[in-house]
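J.: Just so it is clear, I am handing over run39.txt, which has compact mmCIF, C-alpha atoms.
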```txt
# COMPACT_ATOMS: atom_id res chain seq x y z
CA MET A 1 -227.74 -83.97 115.67
CA ASP A 2 -228.26 -87.69 116.26
CA ARG A 3 -227.02 -88.96 119.60
CA ILE A 4 -227.42 -92.17 121.56
CA PRO A 5 -228.40 -91.39 125.17
CA ILE A 6 -226.06 -92.35 128.01
CA LEU A 7 -227.73 -92.99 131.36
CA ARG A 8 -225.92 -92.70 134.66
CA MET A 9 -226.77 -94.97 137.56
CA GLY A 10 -224.39 -94.46 140.48
CA ASP A 11 -220.92 -95.57 139.43
CA TYR A 12 -222.23 -97.02 136.17
CA LEU A 13 -223.05 -95.73 132.73
CA LEU A 14 -225.72 -97.51 130.71
CA VAL A 15 -226.19 -97.37 126.97
CA THR A 16 -228.81 -99.14 124.92
CA ILE A 17 -228.22 -98.99 121.20
CA GLN A 18 -231.63 -99.15 119.59
CA VAL A 19 -231.03 -97.68 116.17
CA ASP A 20 -229.21 -98.88 113.09
CA MET A 21 -226.12 -96.67 113.48
CA HIS A 22 -224.42 -94.95 110.60
CA ASP A 23 -220.65 -94.68 111.03
CA GLN A 24 -220.60 -91.12 112.34
CA LEU A 25 -223.18 -91.96 114.98
CA ALA A 26 -221.01 -94.86 116.17
CA MET A 27 -217.99 -92.55 116.38
CA THR A 28 -220.03 -89.95 118.28
CA LEU A 29 -221.09 -92.60 120.79
CA GLN A 30 -217.47 -93.66 121.26
CA ASP A 31 -216.45 -90.05 121.98
CA ASP A 32 -219.47 -89.29 124.17
CA LEU A 33 -219.00 -92.40 126.29
CA THR A 34 -215.28 -91.88 126.76
CA THR A 35 -215.91 -88.28 127.77
CA ALA A 36 -218.71 -89.36 130.12
CA VAL A 37 -216.44 -91.91 131.84
CA GLN A 38 -213.90 -89.21 132.54
CA ARG A 39 -216.46 -86.58 133.58
CA THR A 40 -218.46 -88.81 135.93
CA GLY A 41 -215.63 -91.03 137.19
CA ALA A 42 -217.79 -94.03 136.33
CA LYS A 43 -216.32 -97.42 137.23
CA GLY A 44 -218.36 -99.47 134.82
CA VAL A 45 -219.99 -99.13 131.41
CA LEU A 46 -222.78 -101.44 130.27
CA ILE A 47 -223.58 -101.49 126.56
CA ASP A 48 -226.75 -103.29 125.54
CA ILE A 49 -226.68 -104.33 121.88
CA SER A 50 -229.68 -106.68 121.98
CA ALA A 51 -231.53 -104.50 119.48
CA LEU A 52 -228.68 -104.58 116.95
CA GLU A 53 -229.50 -106.83 114.02
CA MET A 54 -226.02 -106.50 112.61
CA VAL A 55 -222.52 -105.69 113.82
CA ASP A 56 -220.07 -105.12 111.01
CA SER A 57 -216.32 -104.48 111.27
CA PHE A 58 -216.83 -100.76 111.85
CA ILE A 59 -219.25 -101.13 114.74
CA GLY A 60 -217.21 -104.04 116.09
CA ARG A 61 -214.11 -101.90 116.08
CA MET A 62 -215.98 -99.09 117.82
CA ILE A 63 -217.06 -101.47 120.59
CA ALA A 64 -213.53 -102.87 121.00
CA ASN A 65 -211.98 -99.38 121.06
CA LEU A 66 -214.52 -98.13 123.53
CA SER A 67 -213.77 -101.00 125.86
CA ARG A 68 -210.02 -100.28 125.68
CA MET A 69 -210.44 -96.53 126.14
CA ALA A 70 -212.70 -96.99 129.16
CA ARG A 71 -210.16 -99.40 130.64
CA ILE A 72 -207.43 -96.79 130.37
CA LEU A 73 -209.77 -94.40 132.20
CA ASP A 74 -210.19 -96.99 134.98
CA ALA A 75 -213.64 -98.23 133.98
CA ARG A 76 -214.74 -101.75 132.98
CA THR A 77 -217.01 -102.29 129.99
CA MET A 78 -219.52 -105.07 129.55
CA VAL A 79 -221.25 -105.69 126.23
CA VAL A 80 -224.53 -107.52 126.65
CA GLY A 81 -227.30 -109.03 124.58
CA MET A 82 -225.53 -109.90 121.35
CA ARG A 83 -227.86 -111.91 119.14
CA PRO A 84 -226.64 -115.40 118.18
CA ALA A 85 -226.84 -114.62 114.44
CA VAL A 86 -224.70 -111.53 115.02
CA ALA A 87 -222.10 -113.54 116.97
CA ILE A 88 -221.91 -116.20 114.24
CA THR A 89 -221.49 -113.55 111.57
CA LEU A 90 -218.85 -111.61 113.51
CA VAL A 91 -216.65 -114.67 113.89
CA GLU A 92 -216.94 -115.53 110.21
CA LEU A 93 -216.20 -111.94 109.32
CA GLY A 94 -212.94 -112.37 111.22
CA LEU A 95 -213.68 -110.18 114.21
CA SER A 96 -213.16 -111.86 117.56
CA LEU A 97 -213.70 -108.80 119.83
CA ALA A 98 -210.65 -109.87 121.83
CA GLY A 99 -210.46 -108.12 125.18
CA VAL A 100 -214.16 -107.22 125.19
CA ASP A 101 -216.13 -108.60 128.13
CA THR A 102 -219.57 -109.88 127.23
CA ALA A 103 -222.61 -111.26 128.99
CA LEU A 104 -225.84 -112.76 127.70
CA ASP A 105 -228.22 -110.17 129.10
CA VAL A 106 -228.38 -106.95 131.11
CA GLU A 107 -228.91 -108.66 134.46
CA ARG A 108 -225.94 -111.02 134.13
CA GLY A 109 -223.85 -108.23 132.63
CA MET A 110 -224.58 -105.88 135.51
CA ARG A 111 -223.71 -108.58 138.03
CA ARG A 112 -220.39 -109.36 136.35
CA LEU A 113 -219.62 -105.67 135.97
CA ARG A 114 -220.20 -105.08 139.71
CA GLU A 115 -217.96 -108.02 140.57
CA ALA A 116 -215.20 -106.75 138.30
CA VAL A 117 -215.43 -103.23 139.70
CA GLU A 118 -215.49 -104.44 143.32
CA GLU A 119 -212.52 -106.70 142.67
CA ALA A 120 -210.57 -103.83 141.15
CA GLY A 121 -211.56 -101.50 143.99
CA GLY A 122 -210.54 -104.12 146.56
CA SER A 123 -207.09 -104.53 145.12
CA ILE A 124 -206.46 -100.79 145.32
CA VAL A 125 -207.34 -100.80 149.02
CA ASP A 126 -205.04 -103.79 149.57
CA GLU A 127 -202.16 -102.01 147.91
CA GLY A 128 -202.79 -98.94 150.07
CA MET B 1 -232.77 -116.39 85.79
CA SER B 2 -233.13 -112.83 87.04
CA THR B 3 -236.60 -111.85 88.14
CA LYS B 4 -236.10 -108.34 89.45
CA ASP B 5 -233.49 -105.64 89.15
CA ASP B 6 -233.13 -102.38 91.02
CA VAL B 7 -230.68 -99.82 92.36
CA LEU B 8 -229.91 -97.57 95.35
CA PRO B 9 -227.27 -94.81 95.57
CA LEU B 10 -224.27 -95.03 97.92
CA ARG B 11 -223.27 -91.41 98.36
CA THR B 12 -223.59 -90.83 102.12
CA GLU B 13 -223.26 -92.80 105.36
CA HIS B 14 -227.03 -92.73 105.58
CA ASP B 15 -227.23 -94.42 102.16
CA VAL B 16 -225.15 -97.27 103.62
CA VAL B 17 -227.76 -97.71 106.38
CA LEU B 18 -230.61 -97.61 103.86
CA ALA B 19 -228.83 -100.13 101.64
CA ARG B 20 -228.34 -102.67 104.41
CA GLN B 21 -231.94 -102.21 105.58
CA HIS B 22 -233.06 -102.87 102.03
CA VAL B 23 -230.87 -105.96 101.79
CA ARG B 24 -232.45 -107.17 105.05
CA ARG B 25 -235.92 -106.79 103.53
CA LEU B 26 -234.89 -108.58 100.34
CA THR B 27 -233.44 -111.54 102.27
CA GLN B 28 -236.62 -111.70 104.35
CA GLN B 29 -238.80 -111.70 101.24
CA LEU B 30 -236.68 -114.56 99.88
CA GLY B 31 -237.24 -116.51 103.08
CA PHE B 32 -233.59 -116.56 104.22
CA GLY B 33 -233.02 -117.84 107.76
CA LEU B 34 -231.88 -115.35 110.40
CA VAL B 35 -228.19 -116.28 110.22
CA ASP B 36 -228.16 -116.11 106.41
CA GLN B 37 -229.95 -112.76 106.53
CA THR B 38 -227.42 -111.40 108.99
CA LYS B 39 -224.45 -112.63 106.96
CA MET B 40 -225.74 -111.06 103.75
CA VAL B 41 -226.64 -107.79 105.47
CA THR B 42 -223.21 -107.62 107.13
CA ALA B 43 -221.43 -108.34 103.84
CA ALA B 44 -223.54 -105.62 102.20
CA SER B 45 -222.61 -103.16 104.94
CA GLU B 46 -218.88 -103.81 104.47
CA LEU B 47 -219.05 -103.53 100.70
CA ALA B 48 -221.31 -100.46 100.72
CA ARG B 49 -218.85 -98.72 103.03
CA ASN B 50 -215.97 -99.61 100.68
CA THR B 51 -217.93 -98.17 97.75
CA LEU B 52 -218.53 -94.97 99.70
CA ILE B 53 -215.06 -94.49 101.20
CA TYR B 54 -212.61 -96.04 98.76
CA GLY B 55 -214.74 -95.78 95.62
CA LYS B 56 -215.74 -92.19 96.42
CA GLY B 57 -219.41 -93.15 96.18
CA GLY B 58 -221.37 -95.26 93.76
CA GLU B 59 -224.41 -97.51 93.84
CA VAL B 60 -225.71 -100.94 94.75
CA ARG B 61 -227.78 -103.00 92.33
CA TRP B 62 -229.57 -106.20 93.18
CA GLU B 63 -231.23 -109.18 91.54
CA THR B 64 -233.27 -111.92 93.10
CA LEU B 65 -232.37 -115.26 91.56
CA THR B 66 -234.24 -118.48 91.02
CA GLU B 67 -232.38 -121.60 89.96
CA GLY B 68 -234.50 -124.69 90.03
CA SER B 69 -235.98 -124.82 93.51
CA ARG B 70 -233.42 -122.60 95.17
CA ARG B 71 -233.53 -118.84 95.49
CA GLY B 72 -230.78 -116.35 96.00
CA LEU B 73 -229.83 -112.71 96.15
CA ARG B 74 -227.09 -111.12 94.08
CA LEU B 75 -225.72 -107.67 94.91
CA HIS B 76 -223.47 -105.51 92.75
CA PHE B 77 -221.47 -102.69 94.38
CA ILE B 78 -220.33 -100.33 91.66
CA ASP B 79 -218.14 -97.26 91.81
CA GLU B 80 -216.09 -95.21 89.40
CA GLY B 81 -213.39 -94.44 91.93
CA PRO B 82 -209.64 -95.00 91.72
CA GLY B 83 -209.88 -98.80 91.51
CA ILE B 84 -207.75 -101.26 93.46
CA PRO B 85 -204.12 -101.40 92.28
CA ASP B 86 -203.21 -104.65 94.04
CA LEU B 87 -206.22 -106.90 94.34
CA GLN B 88 -204.34 -109.78 95.96
CA GLN B 89 -203.25 -107.46 98.74
CA ALA B 90 -206.72 -105.92 99.14
CA LEU B 91 -208.20 -109.38 99.66
CA THR B 92 -205.75 -110.20 102.45
CA ASP B 93 -207.04 -110.17 106.02
CA GLY B 94 -205.78 -107.20 107.96
CA TRP B 95 -204.49 -105.24 105.00
CA THR B 96 -206.01 -101.78 104.76
CA SER B 97 -205.33 -98.72 102.69
CA GLY B 98 -207.39 -96.59 105.06
CA SER B 99 -208.18 -96.50 108.72
CA GLY B 100 -210.25 -99.67 108.79
CA LEU B 101 -209.46 -103.11 110.12
CA GLY B 102 -208.81 -104.54 106.69
CA LEU B 103 -211.67 -107.00 107.01
CA GLY B 104 -214.05 -105.36 104.54
CA LEU B 105 -213.34 -107.30 101.36
CA SER B 106 -211.90 -110.49 102.83
CA GLY B 107 -214.57 -110.63 105.53
CA ALA B 108 -217.43 -109.99 103.11
CA LYS B 109 -216.08 -112.75 100.87
CA ARG B 110 -216.37 -115.26 103.72
CA LEU B 111 -220.00 -114.27 104.35
CA VAL B 112 -221.32 -115.05 100.88
CA ASN B 113 -221.44 -118.07 98.54
CA ASP B 114 -220.05 -116.36 95.44
CA PHE B 115 -217.72 -113.38 95.31
CA ASP B 116 -216.44 -111.66 92.21
CA ILE B 117 -214.50 -108.45 91.80
CA GLU B 118 -213.58 -106.45 88.71
CA THR B 119 -211.26 -103.51 89.14
CA ALA B 120 -208.47 -101.62 87.43
CA PRO B 121 -206.54 -98.51 88.45
CA GLY B 122 -208.54 -95.44 87.43
CA ARG B 123 -211.47 -97.52 86.18
CA GLY B 124 -213.50 -98.08 89.30
CA THR B 125 -214.51 -101.26 91.09
CA ARG B 126 -217.41 -103.64 90.77
CA VAL B 127 -217.92 -106.24 93.48
CA THR B 128 -220.59 -108.88 92.94
CA VAL B 129 -221.71 -111.17 95.74
CA THR B 130 -224.35 -113.88 95.80
CA ARG B 131 -225.89 -115.76 98.64
CA TRP B 132 -228.30 -118.65 98.18
CA LYS B 133 -231.02 -119.60 100.58
```
Output the structure of this file as structure tokens.

T.:
Amino acid sequence: MDRIPILRMGDYLLVTIQVDMHDQLAMTLQDDLTTAVQRTGAKGVLIDISALEMVDSFIGRMIANLSRMARILDARTMVVGMRPAVAITLVELGLSLAGVDTALDVERGMRRLREAVEEAGGSIVDEG
Amino acid sequence: MSTKDDVLPLRTEHDVVLARQHVRRLTQQLGFGLVDQTKMVTAASELARNTLIYGKGGEVRWETLTEGSRRGLRLHFIDEGPGIPDLQQALTDGWTSGSGLGLGLSGAKRLVNDFDIETAPGRGTRVTVTRWK
């Protein structure tokens, strides 16, 4: 069965989507990633979509859902590498990806993800 | 005006992927810019999924168009499914009969230059979209 690999690096999970996903594959990724967040206790998820030539409403919804589900499981999600043509098309399609954190590339995304996770971790210590 | 006419089936999720890849190639052959390519491919993806899910499968036909000096691509998404009972409603942002976001038809319409839909309950649906270079 088709699956998109999920890499673990410390407290982070990394996913690079490099294939043109059919809908079931997108749903499988959503389930796999959510399960992986719970299983590993990951604090951050980085999704690289720089290879995606198109994001339609289905894939957009998958990304937005994934981000919300991970948040509920105490992990932050960062979507990186969206192509300009994809961003223009998404907005015209009517999909704003509200609530999804994005960065231009993997390096910036990883930096912002670390900051967000450290901030969140810090506040828990403060409360304790 | 039409110079070429062909067809692909839309019976499985994989067919939807093949259809949008084919639309990408067609827009490239026509010399569409990257944004125009992406808009047409995204519209095709939305409409192909509608044909598969709501139309219970069907096909996509295409024509490359030449009108004076400009070139374009016209796609027809055809199914013999249940049809759309309330077209006005189906074209409204956010309205969905299924589990989607309700952006399929209305969103696809915004991504193309011309949008036409013929449907009747029990008589299937035919959506025709055109994008010019």

J.: Could you list, with a cut-off of 6 Å and counting only C-alpha atoms, the residues of chain A near chain B, each shown with its nearest atom pair and the distance in Å rounded to one decimal, rows sorted by chain and ascending number, as JSON lines?

T.:
```
{"residue": "A:His22", "atom": "CA", "partner": "B:Glu13", "partner_atom": "CA", "distance": 5.8}
{"residue": "A:Asp56", "atom": "CA", "partner": "B:Thr42", "partner_atom": "CA", "distance": 5.6}
{"residue": "A:Ala85", "atom": "CA", "partner": "B:Val35", "partner_atom": "CA", "distance": 4.7}
{"residue": "A:Thr89", "atom": "CA", "partner": "B:Lys39", "partner_atom": "CA", "distance": 5.6}
{"residue": "A:Leu93", "atom": "CA", "partner": "B:Gly107", "partner_atom": "CA", "distance": 4.3}
```

J.: Neighbours of Leu75 (chain B) within 9 Å (only C-alpha atoms; same-chain residues fewer than 2 positions away dropped), as JSON, numbers by chain?

T.: {"B": [23, 44, 60, 61, 62, 63, 64, 73, 77, 127, 128, 129, 130, 131]}

J.: Between CA of Leu73 (chain A) and CA of Arg108 (chain A), what is the distance, to one decimal in Å?

T.: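 CA of Arg108 (chain A) lies at a distance of 23.3 Å from CA of Leu73 (chain A).
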
J.: Rounded to one decimal in Å, what is the spacing between CA of Gly68 (chain B) and CA of Asp6 (chain B)?

T.: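 Between CA of Gly68 (chain B) and CA of Asp6 (chain B) the gap works out to 22.4 Å.
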
J.: In Å to one decimal, how far is CA of Thr40 (chain A) from CA of Pro5 (chain A)?

T.: 14.9 Å

J.: List as a tab-separated table (two decimals) with C-alpha atoms, in the coordinates of the input the protein and nucleic acid residues near region 35-37 of chain A, meaning an atom at most 8 Å away when all atoms listed in the file are counted, but skip any in the same chain fewer than 3 places from it.

T.:
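Contents of around.tsv, as written:
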```tsv
chain	number	residue	atom	x	y	z
A	13	LEU	CA	-223.05	-95.73	132.73
A	31	ASP	CA	-216.45	-90.05	121.98
A	32	ASP	CA	-219.47	-89.29	124.17
A	40	THR	CA	-218.46	-88.81	135.93
A	41	GLY	CA	-215.63	-91.03	137.19
A	42	ALA	CA	-217.79	-94.03	136.33
A	43	LYS	CA	-216.32	-97.42	137.23
A	70	ALA	CA	-212.70	-96.99	129.16
A	73	LEU	CA	-209.77	-94.40	132.20
A	75	ALA	CA	-213.64	-98.23	133.98
```

J.: Show me the residues around (-225.6, -113.3, 129.9) - criterion: an atom at most 10 Å away, all atoms listed in the file counted - as a PyMOL selection string.

T.: chain A and resi 79-82+102-112

J.: Pull the neighbourhood of (-213.0, -98.9, 96.2) for me: all residues within 6 Å in file coordinates, counting all atoms listed in the file, as a PyMOL selection string.

T.: chain B and resi 50-51+54-55+83+125

J.: Export, as a tab-separated table (two decimals), in the coordinates of the input, the selected residues with C-alpha atoms.

T.:
```
chain	number	residue	atom	x	y	z
B	50	ASN	CA	-215.97	-99.61	100.68
B	51	THR	CA	-217.93	-98.17	97.75
B	54	TYR	CA	-212.61	-96.04	98.76
B	55	GLY	CA	-214.74	-95.78	95.62
B	83	GLY	CA	-209.88	-98.80	91.51
B	125	THR	CA	-214.51	-101.26	91.09
```

J.: With distances taken over only C-alpha atoms, which of A:Thr16, A:Gln24, A:Thr34, A:Ser96 is nearest to Arg61 (chain A)?

T.: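 Going through A:Thr16, A:Gln24, A:Thr34, A:Ser96 one by one, the smallest distance to Arg61 (chain A) is for A:Ser96.
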
J.: Leaving out Leu14 (chain A) and any residue of its chain fewer than 3 positions from it, which residues lie within 10 Å of it when counting all atoms listed in the file, given as a list in words?

T.: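 Surrounding residues, per the criterion: Pro5, Ile6, Leu7, Arg8, Met9, Ile17, Leu33, Gly44, Val45, Leu46, Ile47, Asp48, Thr77, Met78, Val106 and Met110 of chain A.
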
J.: Return the single residue from A:Met27, A:Val15, A:Val86, A:Ala64 that is closest to Ala98 (chain A), with distances computed using all atoms listed in the file.

T.: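 Smallest distance to Ala98 (chain A) is found for A:Ala64.
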